[in-house]
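Raw contents of entry_32.cif, mmCIF, C-alpha atoms:
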data_work
#
loop_
_atom_site.label_atom_id
_atom_site.label_comp_id
_atom_site.auth_asym_id
_atom_site.auth_seq_id
_atom_site.Cartn_x
_atom_site.Cartn_y
_atom_site.Cartn_z
CA MET A 5 33.24 -4.99 -50.39
CA ALA A 6 32.03 -5.24 -53.94
CA VAL A 7 31.63 -2.49 -56.50
CA THR A 8 28.42 -0.53 -56.04
CA VAL A 9 26.47 0.06 -59.24
CA VAL A 10 25.45 3.68 -59.34
CA THR A 11 22.58 5.29 -61.23
CA ASN A 12 21.28 8.82 -61.50
CA ALA A 13 18.74 7.89 -58.83
CA ASN A 14 21.18 6.70 -56.15
CA PHE A 15 24.19 8.85 -57.01
CA GLU A 16 23.62 11.27 -54.19
CA SER A 17 23.16 8.65 -51.48
CA GLU A 18 25.89 6.28 -52.67
CA VAL A 19 28.54 8.76 -53.77
CA LEU A 20 27.95 12.27 -52.49
CA ALA A 21 26.83 11.18 -49.02
CA ALA A 22 29.52 8.52 -48.54
CA ASP A 23 31.68 8.80 -45.43
CA LYS A 24 34.94 7.93 -47.24
CA PRO A 25 36.57 8.74 -50.59
CA VAL A 26 34.63 7.27 -53.51
CA ILE A 27 36.10 6.11 -56.82
CA VAL A 28 33.51 6.16 -59.60
CA ASP A 29 34.37 4.14 -62.72
CA PHE A 30 32.53 5.31 -65.87
CA TRP A 31 32.60 2.43 -68.35
CA ALA A 32 30.77 0.66 -71.19
CA SER A 33 30.70 -2.93 -72.36
CA TRP A 34 31.96 -2.04 -75.86
CA CYS A 35 35.01 -0.18 -74.59
CA GLY A 36 38.11 -2.40 -74.57
CA PRO A 37 40.24 -0.22 -72.28
CA CYS A 38 37.32 -0.06 -69.81
CA LYS A 39 37.36 -3.83 -69.57
CA MET A 40 41.05 -3.69 -68.71
CA LEU A 41 40.53 -1.06 -66.01
CA SER A 42 37.39 -2.44 -64.34
CA PRO A 43 39.07 -5.55 -62.82
CA VAL A 44 41.69 -3.28 -61.21
CA VAL A 45 38.97 -1.08 -59.77
CA GLU A 46 37.14 -4.17 -58.55
CA GLU A 47 40.31 -5.43 -56.88
CA ILE A 48 40.57 -2.13 -55.02
CA SER A 49 36.98 -2.57 -53.81
CA ASN A 50 37.98 -5.93 -52.29
CA THR A 51 41.30 -4.94 -50.74
CA GLU A 52 41.00 -1.29 -49.70
CA ASP A 53 38.60 -0.61 -46.87
CA SER A 54 39.45 3.07 -46.81
CA VAL A 55 37.75 3.79 -50.13
CA LYS A 56 34.37 3.05 -51.64
CA VAL A 57 34.22 1.90 -55.26
CA CYS A 58 31.29 2.56 -57.58
CA SER A 59 30.67 2.01 -61.26
CA VAL A 60 28.50 3.78 -63.82
CA ASN A 61 27.54 2.09 -67.08
CA VAL A 62 27.39 5.07 -69.44
CA ASP A 63 25.02 3.26 -71.81
CA ASP A 64 22.44 3.11 -69.04
CA GLU A 65 23.33 6.40 -67.37
CA MET A 66 24.02 8.89 -70.14
CA GLU A 67 22.50 11.66 -68.06
CA LEU A 68 25.00 11.06 -65.28
CA ALA A 69 27.87 10.95 -67.78
CA GLU A 70 26.72 14.24 -69.26
CA LYS A 71 26.34 15.80 -65.84
CA PHE A 72 30.06 15.30 -65.24
CA GLY A 73 31.06 16.16 -68.78
CA ILE A 74 32.41 12.68 -69.45
CA SER A 75 33.56 12.45 -73.06
CA SER A 76 36.20 9.73 -72.86
CA ILE A 77 36.03 6.37 -71.16
CA PRO A 78 37.27 4.85 -69.03
CA THR A 79 37.10 7.86 -66.73
CA LEU A 80 37.57 7.64 -62.99
CA LEU A 81 36.13 10.36 -60.79
CA VAL A 82 37.09 10.58 -57.13
CA PHE A 83 34.72 12.24 -54.70
CA LYS A 84 35.52 13.33 -51.16
CA ASN A 85 32.86 14.70 -48.83
CA GLY A 86 30.47 15.11 -51.71
CA GLN A 87 32.94 17.09 -53.80
CA LEU A 88 34.73 16.05 -56.98
CA ALA A 89 38.35 15.83 -55.82
CA ASN A 90 40.21 14.19 -58.69
CA GLN A 91 39.80 12.54 -62.07
CA SER A 92 41.68 10.45 -64.55
CA VAL A 93 41.08 9.37 -68.15
CA GLY A 94 42.33 6.09 -69.62
CA VAL A 95 43.83 2.89 -68.24
CA ILE A 96 46.07 3.43 -65.23
CA GLY A 97 47.58 1.10 -62.65
CA LYS A 98 46.31 0.28 -59.16
CA ASP A 99 48.87 2.50 -57.46
CA GLN A 100 47.98 5.46 -59.64
CA ILE A 101 44.28 4.93 -58.91
CA LEU A 102 44.91 4.85 -55.17
CA GLN A 103 47.03 7.98 -55.51
CA LEU A 104 43.92 9.78 -56.82
CA THR A 105 42.19 9.12 -53.50
CA LYS A 106 45.01 10.46 -51.32
CA MET B 1 68.11 -15.33 -61.01
CA ILE B 2 65.25 -14.87 -63.47
CA ASP B 3 66.12 -16.15 -66.94
CA ILE B 4 64.26 -13.61 -69.07
CA ILE B 5 62.68 -10.32 -68.11
CA ILE B 6 60.24 -8.98 -70.66
CA ILE B 7 59.33 -5.31 -70.55
CA GLY B 8 55.80 -4.78 -71.81
CA ALA B 9 52.77 -7.10 -71.72
CA GLY B 10 51.43 -6.42 -75.19
CA THR B 11 51.19 -8.95 -77.98
CA ALA B 12 54.98 -9.12 -78.50
CA GLY B 13 55.83 -9.42 -74.82
CA LEU B 14 53.17 -12.02 -74.01
CA THR B 15 54.14 -14.07 -77.07
CA ALA B 16 57.79 -13.92 -75.99
CA ALA B 17 56.73 -15.21 -72.57
CA ILE B 18 54.88 -18.15 -74.13
CA TYR B 19 57.96 -19.14 -76.14
CA ALA B 20 60.31 -18.63 -73.20
CA ARG B 21 58.19 -20.79 -70.90
CA ARG B 22 57.80 -23.52 -73.49
CA ALA B 23 61.59 -23.52 -73.84
CA GLY B 24 61.82 -24.13 -70.09
CA ARG B 25 62.98 -20.66 -69.14
CA THR B 26 61.59 -18.54 -66.32
CA ALA B 27 59.95 -15.38 -67.60
CA VAL B 28 58.75 -12.30 -65.75
CA ILE B 29 56.88 -9.60 -67.61
CA PHE B 30 56.74 -6.04 -66.30
CA GLU B 31 53.81 -3.86 -67.33
CA ALA B 32 53.17 -0.28 -66.23
CA HIS B 33 49.48 0.03 -67.15
CA ALA B 34 47.41 -2.95 -68.25
CA TYR B 35 48.25 -6.10 -70.16
CA GLY B 36 47.27 -6.32 -73.81
CA GLY B 37 48.93 -3.24 -75.25
CA GLN B 38 47.41 -1.21 -78.06
CA ILE B 39 45.17 -4.00 -79.31
CA ILE B 40 42.72 -3.50 -76.43
CA ASN B 41 41.50 -0.38 -78.24
CA THR B 42 40.50 -2.38 -81.32
CA PRO B 43 36.88 -3.52 -81.29
CA GLU B 44 37.31 -6.14 -84.00
CA ILE B 45 40.39 -7.97 -85.26
CA GLU B 46 39.83 -9.60 -88.62
CA ASN B 47 43.37 -10.07 -89.93
CA TYR B 48 44.95 -12.48 -87.48
CA PRO B 49 45.57 -15.80 -89.23
CA GLY B 50 43.28 -18.56 -88.05
CA ILE B 51 40.94 -16.25 -86.15
CA ALA B 52 38.25 -14.81 -88.39
CA ASN B 53 36.95 -12.32 -85.86
CA ILE B 54 37.81 -11.47 -82.27
CA SER B 55 37.71 -8.33 -80.15
CA GLY B 56 40.99 -6.81 -79.04
CA PHE B 57 40.01 -7.32 -75.42
CA GLU B 58 39.26 -11.02 -75.94
CA PHE B 59 42.48 -11.50 -77.88
CA ALA B 60 44.57 -9.80 -75.20
CA THR B 61 42.88 -11.72 -72.41
CA ALA B 62 43.35 -15.06 -74.19
CA LEU B 63 47.02 -14.28 -74.78
CA TYR B 64 47.49 -13.22 -71.16
CA ASN B 65 45.79 -16.38 -69.88
CA GLN B 66 47.89 -18.54 -72.20
CA ALA B 67 51.15 -16.98 -71.01
CA THR B 68 50.30 -17.05 -67.32
CA ALA B 69 48.96 -20.63 -67.50
CA LEU B 70 52.37 -21.62 -68.85
CA GLY B 71 53.95 -20.09 -65.78
CA ALA B 72 54.91 -16.62 -66.94
CA GLU B 73 54.62 -14.04 -64.19
CA VAL B 74 53.19 -10.60 -64.92
CA LYS B 75 54.17 -7.85 -62.50
CA MET B 76 52.42 -4.49 -62.62
CA GLU B 77 55.53 -2.39 -62.22
CA ARG B 78 56.99 0.33 -64.39
CA VAL B 79 60.55 -0.37 -65.50
CA VAL B 80 62.67 2.74 -65.13
CA ALA B 81 66.11 1.45 -66.10
CA VAL B 82 68.02 -1.54 -67.41
CA SER B 83 71.74 -1.91 -66.84
CA ASP B 84 74.04 -4.36 -68.53
CA ASN B 85 76.48 -6.09 -66.21
CA GLY B 86 77.52 -8.68 -68.77
CA ALA B 87 76.11 -12.09 -67.86
CA ALA B 88 73.59 -10.44 -65.54
CA LYS B 89 71.24 -7.61 -66.37
CA LEU B 90 69.76 -5.43 -63.67
CA VAL B 91 66.19 -4.25 -64.19
CA ARG B 92 65.03 -1.44 -61.94
CA THR B 93 61.31 -0.76 -61.55
CA ASP B 94 59.31 1.76 -59.55
CA LYS B 95 59.07 -0.93 -56.85
CA GLY B 96 62.35 -2.81 -56.81
CA GLU B 97 65.32 -4.33 -58.56
CA TYR B 98 65.50 -7.64 -60.38
CA GLU B 99 68.39 -9.56 -61.85
CA CYS B 100 68.11 -11.64 -64.98
CA LYS B 101 70.16 -13.23 -67.71
CA ALA B 102 68.41 -11.71 -70.72
CA VAL B 103 66.04 -8.82 -71.34
CA ILE B 104 63.44 -8.41 -74.06
CA LEU B 105 62.29 -4.85 -74.65
CA ALA B 106 58.69 -5.08 -75.87
CA THR B 107 57.64 -1.59 -74.90
CA GLY B 108 55.30 -1.06 -77.84
CA ALA B 109 54.10 2.34 -78.92
CA LYS B 110 51.50 4.82 -77.80
CA ASN B 111 49.16 7.10 -79.66
CA ARG B 112 51.18 10.01 -80.93
CA PRO B 113 49.92 13.30 -79.53
CA LEU B 114 49.75 16.43 -81.67
CA GLY B 115 52.15 18.03 -79.24
CA LEU B 116 50.04 21.12 -78.65
CA GLU B 117 50.30 23.05 -75.43
CA ASN B 118 46.88 22.42 -73.92
CA GLU B 119 46.37 18.98 -75.50
CA LYS B 120 46.97 16.96 -72.35
CA ALA B 121 44.64 19.10 -70.28
CA LEU B 122 41.86 18.59 -72.84
CA VAL B 123 42.05 14.79 -72.92
CA GLY B 124 38.65 13.62 -71.78
CA LYS B 125 37.34 17.14 -72.35
CA GLY B 126 37.02 16.95 -76.12
CA VAL B 127 40.36 15.52 -77.18
CA SER B 128 40.39 11.76 -77.69
CA TYR B 129 42.67 9.10 -79.16
CA CYS B 130 39.99 6.39 -79.37
CA ALA B 131 36.98 7.02 -81.60
CA THR B 132 35.35 3.69 -80.84
CA CYS B 133 35.61 4.36 -77.08
CA ASP B 134 34.46 7.95 -77.09
CA GLY B 135 32.45 8.50 -80.28
CA MET B 136 29.10 8.04 -78.59
CA PHE B 137 29.69 11.06 -76.36
CA PHE B 138 29.66 13.23 -79.48
CA ARG B 139 26.37 12.01 -80.87
CA LYS B 140 24.75 14.72 -83.04
CA LYS B 141 27.77 16.99 -82.52
CA THR B 142 30.46 18.25 -84.88
CA VAL B 143 33.86 16.65 -84.54
CA ALA B 144 37.18 16.51 -86.36
CA VAL B 145 39.61 13.69 -86.99
CA ALA B 146 43.28 14.54 -87.44
CA GLY B 147 45.27 12.15 -89.60
CA GLY B 148 45.34 10.41 -92.96
CA GLY B 149 46.14 6.77 -92.22
CA ASN B 150 43.83 3.80 -91.89
CA THR B 151 42.99 4.58 -88.29
CA ALA B 152 41.97 8.16 -89.12
CA ILE B 153 39.78 7.05 -92.02
CA GLU B 154 38.18 4.23 -90.00
CA ASP B 155 37.60 6.63 -87.11
CA ALA B 156 35.97 9.19 -89.42
CA ALA B 157 33.72 6.54 -90.95
CA PHE B 158 32.70 5.31 -87.51
CA LEU B 159 32.06 8.83 -86.22
CA SER B 160 30.02 9.83 -89.29
CA ASN B 161 27.41 7.31 -88.15
CA TYR B 162 26.84 9.20 -84.90
CA CYS B 163 27.94 12.77 -85.41
CA GLU B 164 26.27 15.63 -87.16
CA LYS B 165 29.44 16.46 -89.07
CA VAL B 166 32.94 15.06 -89.28
CA TYR B 167 35.93 17.04 -90.55
CA VAL B 168 38.95 15.03 -91.64
CA ILE B 169 42.02 17.22 -91.21
CA HIS B 170 45.09 15.93 -93.00
CA ARG B 171 48.46 17.56 -93.59
CA ARG B 172 48.68 16.25 -97.15
CA ASP B 173 46.20 15.68 -99.98
CA ALA B 174 47.10 12.04 -100.44
CA PHE B 175 46.20 9.31 -97.97
CA ARG B 176 48.14 6.40 -96.60
CA ALA B 177 44.81 4.74 -95.88
CA ASP B 178 43.24 2.20 -98.28
CA ALA B 179 41.92 4.06 -101.34
CA LYS B 180 38.66 2.14 -101.19
CA GLU B 181 37.98 3.27 -97.65
CA VAL B 182 38.84 6.90 -98.49
CA ASP B 183 36.49 6.87 -101.48
CA ARG B 184 33.72 5.39 -99.38
CA LEU B 185 34.22 8.11 -96.80
CA LYS B 186 34.19 10.83 -99.46
CA GLY B 187 30.73 9.62 -100.42
CA ARG B 188 29.30 10.42 -96.98
CA GLU B 189 27.31 13.62 -96.87
CA ASN B 190 28.34 14.67 -93.38
CA VAL B 191 32.08 14.28 -93.95
CA GLU B 192 34.26 17.18 -95.09
CA PHE B 193 37.93 16.85 -95.96
CA VAL B 194 40.27 19.64 -94.85
CA LEU B 195 43.48 18.93 -96.73
CA ASN B 196 47.03 20.26 -96.69
CA LYS B 197 46.35 21.67 -93.27
CA ASN B 198 47.86 21.03 -89.85
CA VAL B 199 46.08 21.33 -86.53
CA THR B 200 48.06 24.10 -84.85
CA GLY B 201 45.85 25.10 -81.96
CA LEU B 202 43.18 23.79 -79.62
CA ILE B 203 40.59 26.35 -78.66
CA GLU B 204 38.86 25.87 -75.37
CA ASP B 205 35.89 27.31 -73.64
CA ASN B 206 35.52 26.79 -69.92
CA GLY B 207 38.04 23.95 -69.93
CA ARG B 208 36.43 22.07 -72.81
CA LEU B 209 37.44 21.92 -76.45
CA CYS B 210 35.28 24.12 -78.67
CA GLY B 211 37.37 24.43 -81.82
CA VAL B 212 40.60 23.74 -83.63
CA GLU B 213 42.91 26.15 -85.38
CA VAL B 214 44.26 24.79 -88.66
CA THR B 215 47.12 26.24 -90.67
CA ASP B 216 47.46 25.82 -94.42
CA LYS B 217 50.70 24.07 -95.31
CA PHE B 218 51.31 26.31 -98.34
CA SER B 219 49.82 29.73 -97.59
CA GLY B 220 50.25 29.66 -93.82
CA GLU B 221 46.69 30.92 -93.54
CA LYS B 222 45.04 30.09 -90.24
CA THR B 223 41.37 29.19 -89.91
CA VAL B 224 39.24 28.05 -87.01
CA ILE B 225 36.83 25.16 -87.21
CA ASP B 226 34.24 24.87 -84.45
CA VAL B 227 34.16 21.32 -83.11
CA ALA B 228 33.11 19.70 -79.85
CA GLY B 229 35.56 16.85 -80.25
CA LEU B 230 38.91 16.15 -81.86
CA PHE B 231 40.02 12.59 -82.50
CA VAL B 232 43.77 12.40 -82.94
CA ALA B 233 44.89 9.56 -85.21
CA ILE B 234 48.31 10.58 -86.45
CA GLY B 235 50.09 7.34 -85.74
CA GLN B 236 52.08 5.95 -82.87
CA ALA B 237 55.18 6.96 -81.01
CA PRO B 238 57.53 4.73 -78.99
CA ASP B 239 58.96 5.57 -75.58
CA ASN B 240 62.33 3.88 -75.30
CA THR B 241 64.41 6.70 -73.88
CA PRO B 242 64.92 4.92 -70.51
CA PHE B 243 66.62 2.08 -72.41
CA ALA B 244 68.89 4.05 -74.75
CA ASN B 245 71.91 2.91 -72.72
CA VAL B 246 71.38 -0.72 -73.75
CA ALA B 247 69.68 -0.32 -77.14
CA ALA B 248 70.47 2.16 -79.89
CA LEU B 249 67.45 4.20 -81.00
CA ASP B 250 66.69 5.65 -84.43
CA ASP B 251 65.57 9.25 -85.01
CA GLY B 252 61.96 8.31 -84.29
CA GLY B 253 62.90 6.72 -80.96
CA TYR B 254 62.43 3.13 -82.18
CA ILE B 255 64.95 0.48 -81.13
CA LYS B 256 67.35 -0.27 -83.94
CA ALA B 257 67.21 -3.99 -84.60
CA ALA B 258 66.75 -6.22 -87.62
CA GLU B 259 64.43 -9.21 -87.99
CA ASP B 260 66.67 -11.16 -85.60
CA CYS B 261 65.45 -8.80 -82.83
CA LYS B 262 68.99 -8.29 -81.49
CA THR B 263 69.96 -4.93 -80.08
CA GLY B 264 73.60 -3.91 -79.99
CA THR B 265 73.90 -5.27 -76.43
CA ASP B 266 74.48 -8.99 -75.85
CA GLY B 267 71.53 -10.49 -74.01
CA VAL B 268 69.21 -7.56 -74.73
CA PHE B 269 66.58 -8.19 -77.38
CA THR B 270 63.60 -6.28 -78.67
CA ALA B 271 60.19 -7.26 -80.04
CA GLY B 272 57.09 -5.67 -81.47
CA ASP B 273 56.11 -2.11 -82.35
CA CYS B 274 59.00 -0.58 -80.41
CA ARG B 275 61.46 -1.98 -82.98
CA THR B 276 62.43 -0.37 -86.29
CA LYS B 277 60.28 -2.09 -88.91
CA THR B 278 57.98 -1.30 -91.79
CA VAL B 279 54.91 -3.32 -90.86
CA ARG B 280 53.46 -2.98 -87.38
CA GLN B 281 50.65 -5.49 -87.06
CA LEU B 282 49.52 -8.06 -84.50
CA THR B 283 51.09 -10.80 -86.60
CA THR B 284 54.47 -9.06 -86.75
CA ALA B 285 54.36 -8.35 -83.02
CA ALA B 286 53.67 -12.02 -82.31
CA SER B 287 56.39 -13.00 -84.76
CA ASP B 288 58.92 -10.75 -83.05
CA GLY B 289 57.95 -12.17 -79.67
CA ALA B 290 58.80 -15.68 -80.83
CA VAL B 291 62.06 -14.62 -82.51
CA ALA B 292 63.24 -12.55 -79.54
CA ALA B 293 62.38 -15.25 -76.98
CA LEU B 294 64.17 -17.99 -78.88
CA ALA B 295 67.16 -15.70 -79.44
CA ALA B 296 67.21 -14.98 -75.69
CA CYS B 297 67.04 -18.72 -74.92
CA GLY B 298 69.92 -19.32 -77.33
CA TYR B 299 71.91 -16.57 -75.67
CA ILE B 300 71.32 -18.03 -72.20
CA ASP B 301 72.40 -21.47 -73.44
CA SER B 302 75.66 -19.93 -74.62
CA LEU B 303 76.48 -18.39 -71.22
#

Let me see the file written as structure tokens.
Amino acid sequence: MAVTVVTNANFESEVLAADKPVIVDFWASWCGPCKMLSPVVEEISNTEDSVKVCSVNVDDEMELAEKFGISSIPTLLVFKNGQLANQSVGVIGKDQILQLTK
Amino acid sequence: MIDIIIIGAGTAGLTAAIYARRAGRTAVIFEAHAYGGQIINTPEIENYPGIANISGFEFATALYNQATALGAEVKMERVVAVSDNGAAKLVRTDKGEYECKAVILATGAKNRPLGLENEKALVGKGVSYCATCDGMFFRKKTVAVAGGGNTAIEDAAFLSNYCEKVYVIHRRDAFRADAKEVDRLKGRENVEFVLNKNVTGLIEDNGRLCGVEVTDKFSGEKTVIDVAGLFVAIGQAPDNTPFANVAALDDGGYIKAAEDCKTGTDGVFTAGDCRTKTVRQLTTAASDGAVAALAACGYIDSL
């Protein structure tokens, strides 16, 4: 499965209503560390069926970033059953990302 | 047995891998986070010889591709210990154990935290170590930069383009940063210098940073500055404690080694920002990578 691009409009249906844990990657094209993290997140979307992976481009979705108080990127938010369950700031490894969903 | 294990996939480590592979040696690089090292935080590199302008991400990716195309293997594992068994070194990671003939410690350095109690909890909630990554989230807000080096001054200049006001908090009244850049910053209307003061407290409201407490170096007087963001730019710190058994460390935690990149242990070398040195730049990291790799190859030849 590929990474689902999430906007303010589809956040509820794609993230909050999902039937499995969702990793949401907040990123921007001008953020170097984000570009290091995004391929790892994408890899998870291809190899791990037990989680859903979404991405939010903060340049396009400032409102969504503000809603979750994002003030550093990359930030990963993990949602379970529509609730924010975990979060992480900065570049982390695949294992650490998966740990957030456990 | 692997010929050379390199710990750290930053500029020094990847360069070492390129030299090791070109010398016909097998090279495995272990990296705990992401390849590239500190340079991935730099939007524009303009001081690498032969490359007029490149982003840190592009540079890191090109270096990674060059090393892996030559046959270097990068494993995303955190190295927790290195033991010296003479002709063989044992490298233990969070996933397994590997034997090799020589080790290059290229562990780099990380942003130095202020060391305040609630600092870690406020990362991503007002405390940041990367102005170019996070500045836009503080548009039209008041922020502070802690530090007096080039990074702090560049960060403050960058932030002053977005933010309503930028305080530059520095523990001295002289700057390590380029005088020209400091003067240029002083000319900006929305920048205020807070000198001879240390950041001694982070004030939070509902889990987010809302101010910093600063203490005057001379009078000890404490004042509070209301800010929505604090950008910490007080230099780097190494993390070599897991390797102190094979490489002597100085008081700052850097690996004691001269320009020959040799640690006190035969077959263990060091390269890049983790080594004691005066100039920590991309060029010196690359230089160390070459020196350490060729020294490791020479060592293996002598076995």

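Using all atoms listed in the file, we find that the part of chain A lying within 7 Å of chain B comprises A:Cys35, A:Gly36, A:Pro37, A:Met40, A:Ile74, A:Ser75, A:Ser76, A:Ile77, A:Val93, A:Val95, A:Ile96, A:Gly97.
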
So which residues get picked by the PyMOL selection byres ((chain B and resi 65) around 12) here, written as a list in words?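 Matching residues under the PyMOL selection byres ((chain B and resi 65) around 12) are Ala9, Leu14, Thr15, Ala17, Ile18, Tyr35, Gly36, Glu58, Phe59, Ala60, Thr61, Ala62, Leu63, Tyr64, Gln66, Ala67, Thr68, Ala69, Leu70, Gly71, Ala72, Glu73 and Val74 of chain B.
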
Residues at most 12 Å from range 58-60 of chain A, counting only C-alpha atoms, excluding those fewer than 3 positions away in the same chain, as number ranges by chain? A: 5-15, 17-20, 22, 25-33, 38, 41-43, 45-46, 48-49, 55, 63-70, 72, 74, 77-83

Resulting file, chosen residues, C-alpha atoms, as a PDB file, in the coordinates of the input:
ATOM      1  CA  MET A   5      33.240  -4.990 -50.390  1.00  0.00           C
ATOM      2  CA  ALA A   6      32.030  -5.240 -53.940  1.00  0.00           C
ATOM      3  CA  VAL A   7      31.630  -2.490 -56.500  1.00  0.00           C
ATOM      4  CA  THR A   8      28.420  -0.530 -56.040  1.00  0.00           C
ATOM      5  CA  VAL A   9      26.470   0.060 -59.240  1.00  0.00           C
ATOM      6  CA  VAL A  10      25.450   3.680 -59.340  1.00  0.00           C
ATOM      7  CA  THR A  11      22.580   5.290 -61.230  1.00  0.00           C
ATOM      8  CA  ASN A  12      21.280   8.820 -61.500  1.00  0.00           C
ATOM      9  CA  ALA A  13      18.740   7.890 -58.830  1.00  0.00           C
ATOM     10  CA  ASN A  14      21.180   6.700 -56.150  1.00  0.00           C
ATOM     11  CA  PHE A  15      24.190   8.850 -57.010  1.00  0.00           C
ATOM     12  CA  SER A  17      23.160   8.650 -51.480  1.00  0.00           C
ATOM     13  CA  GLU A  18      25.890   6.280 -52.670  1.00  0.00           C
ATOM     14  CA  VAL A  19      28.540   8.760 -53.770  1.00  0.00           C
ATOM     15  CA  LEU A  20      27.950  12.270 -52.490  1.00  0.00           C
ATOM     16  CA  ALA A  22      29.520   8.520 -48.540  1.00  0.00           C
ATOM     17  CA  PRO A  25      36.570   8.740 -50.590  1.00  0.00           C
ATOM     18  CA  VAL A  26      34.630   7.270 -53.510  1.00  0.00           C
ATOM     19  CA  ILE A  27      36.100   6.110 -56.820  1.00  0.00           C
ATOM     20  CA  VAL A  28      33.510   6.160 -59.600  1.00  0.00           C
ATOM     21  CA  ASP A  29      34.370   4.140 -62.720  1.00  0.00           C
ATOM     22  CA  PHE A  30      32.530   5.310 -65.870  1.00  0.00           C
ATOM     23  CA  TRP A  31      32.600   2.430 -68.350  1.00  0.00           C
ATOM     24  CA  ALA A  32      30.770   0.660 -71.190  1.00  0.00           C
ATOM     25  CA  SER A  33      30.700  -2.930 -72.360  1.00  0.00           C
ATOM     26  CA  CYS A  38      37.320  -0.060 -69.810  1.00  0.00           C
ATOM     27  CA  LEU A  41      40.530  -1.060 -66.010  1.00  0.00           C
ATOM     28  CA  SER A  42      37.390  -2.440 -64.340  1.00  0.00           C
ATOM     29  CA  PRO A  43      39.070  -5.550 -62.820  1.00  0.00           C
ATOM     30  CA  VAL A  45      38.970  -1.080 -59.770  1.00  0.00           C
ATOM     31  CA  GLU A  46      37.140  -4.170 -58.550  1.00  0.00           C
ATOM     32  CA  ILE A  48      40.570  -2.130 -55.020  1.00  0.00           C
ATOM     33  CA  SER A  49      36.980  -2.570 -53.810  1.00  0.00           C
ATOM     34  CA  VAL A  55      37.750   3.790 -50.130  1.00  0.00           C
ATOM     35  CA  ASP A  63      25.020   3.260 -71.810  1.00  0.00           C
ATOM     36  CA  ASP A  64      22.440   3.110 -69.040  1.00  0.00           C
ATOM     37  CA  GLU A  65      23.330   6.400 -67.370  1.00  0.00           C
ATOM     38  CA  MET A  66      24.020   8.890 -70.140  1.00  0.00           C
ATOM     39  CA  GLU A  67      22.500  11.660 -68.060  1.00  0.00           C
ATOM     40  CA  LEU A  68      25.000  11.060 -65.280  1.00  0.00           C
ATOM     41  CA  ALA A  69      27.870  10.950 -67.780  1.00  0.00           C
ATOM     42  CA  GLU A  70      26.720  14.240 -69.260  1.00  0.00           C
ATOM     43  CA  PHE A  72      30.060  15.300 -65.240  1.00  0.00           C
ATOM     44  CA  ILE A  74      32.410  12.680 -69.450  1.00  0.00           C
ATOM     45  CA  ILE A  77      36.030   6.370 -71.160  1.00  0.00           C
ATOM     46  CA  PRO A  78      37.270   4.850 -69.030  1.00  0.00           C
ATOM     47  CA  THR A  79      37.100   7.860 -66.730  1.00  0.00           C
ATOM     48  CA  LEU A  80      37.570   7.640 -62.990  1.00  0.00           C
ATOM     49  CA  LEU A  81      36.130  10.360 -60.790  1.00  0.00           C
ATOM     50  CA  VAL A  82      37.090  10.580 -57.130  1.00  0.00           C
ATOM     51  CA  PHE A  83      34.720  12.240 -54.700  1.00  0.00           C
TER      52      PHE A  83
END

If you count all atoms listed in the file, which residues fall within 12 Å of Asp250 in chain B, apart from same-chain ones fewer than 5 positions away, as a PyMOL selection string? chain B and resi 238-241+244+255-257+263+274-277

May I ask for the distance between CA of Lys165 in chain B and CA of Val191 in chain B, given in Å to one decimal place?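 One can read the CA of Lys165 in chain B to CA of Val191 in chain B distance as 6.0 Å.
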
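Residues matched by the PyMOL selection byres ((chain B and resi 161) around 12) in this structure: Ala131, Thr132, Gly135, Met136, Phe138, Arg139, Lys140, Lys141, Thr142, Val143, Glu154, Asp155, Ala156, Ala157, Phe158, Leu159, Ser160, Tyr162, Cys163, Glu164, Lys165, Val166, Leu185, Arg188, Glu189, Asn190 and Val191 of chain B.
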
In Å, rounded to a single decimal, give me how far CA of Ala81 in chain B is from CA of Leu105 in chain B.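 Straight-line distance from CA of Leu105 in chain B to CA of Ala81 in chain B works out to 11.3 Å.
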
Apply the PyMOL selection byres ((chain B and resi 267-269) around 8) to the structure shown and report the selected residues as JSON, numbers by chain. {"B": [87, 101, 102, 103, 104, 105, 246, 247, 261, 262, 263, 264, 265, 266, 270, 271, 292, 295, 296, 299, 300]}

Could you state the separation of CA of Asp216 in chain B and CA of Asn111 in chain B in Å, given to one decimal place?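 The value is 23.9 Å.
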
Counting all atoms listed in the file, which of B:Gly211, B:Val91, B:Gln236, B:Leu303 gets nearest to Gly149 in chain B?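 Using all atoms listed in the file, Gly149 in chain B sits closest to B:Gln236.
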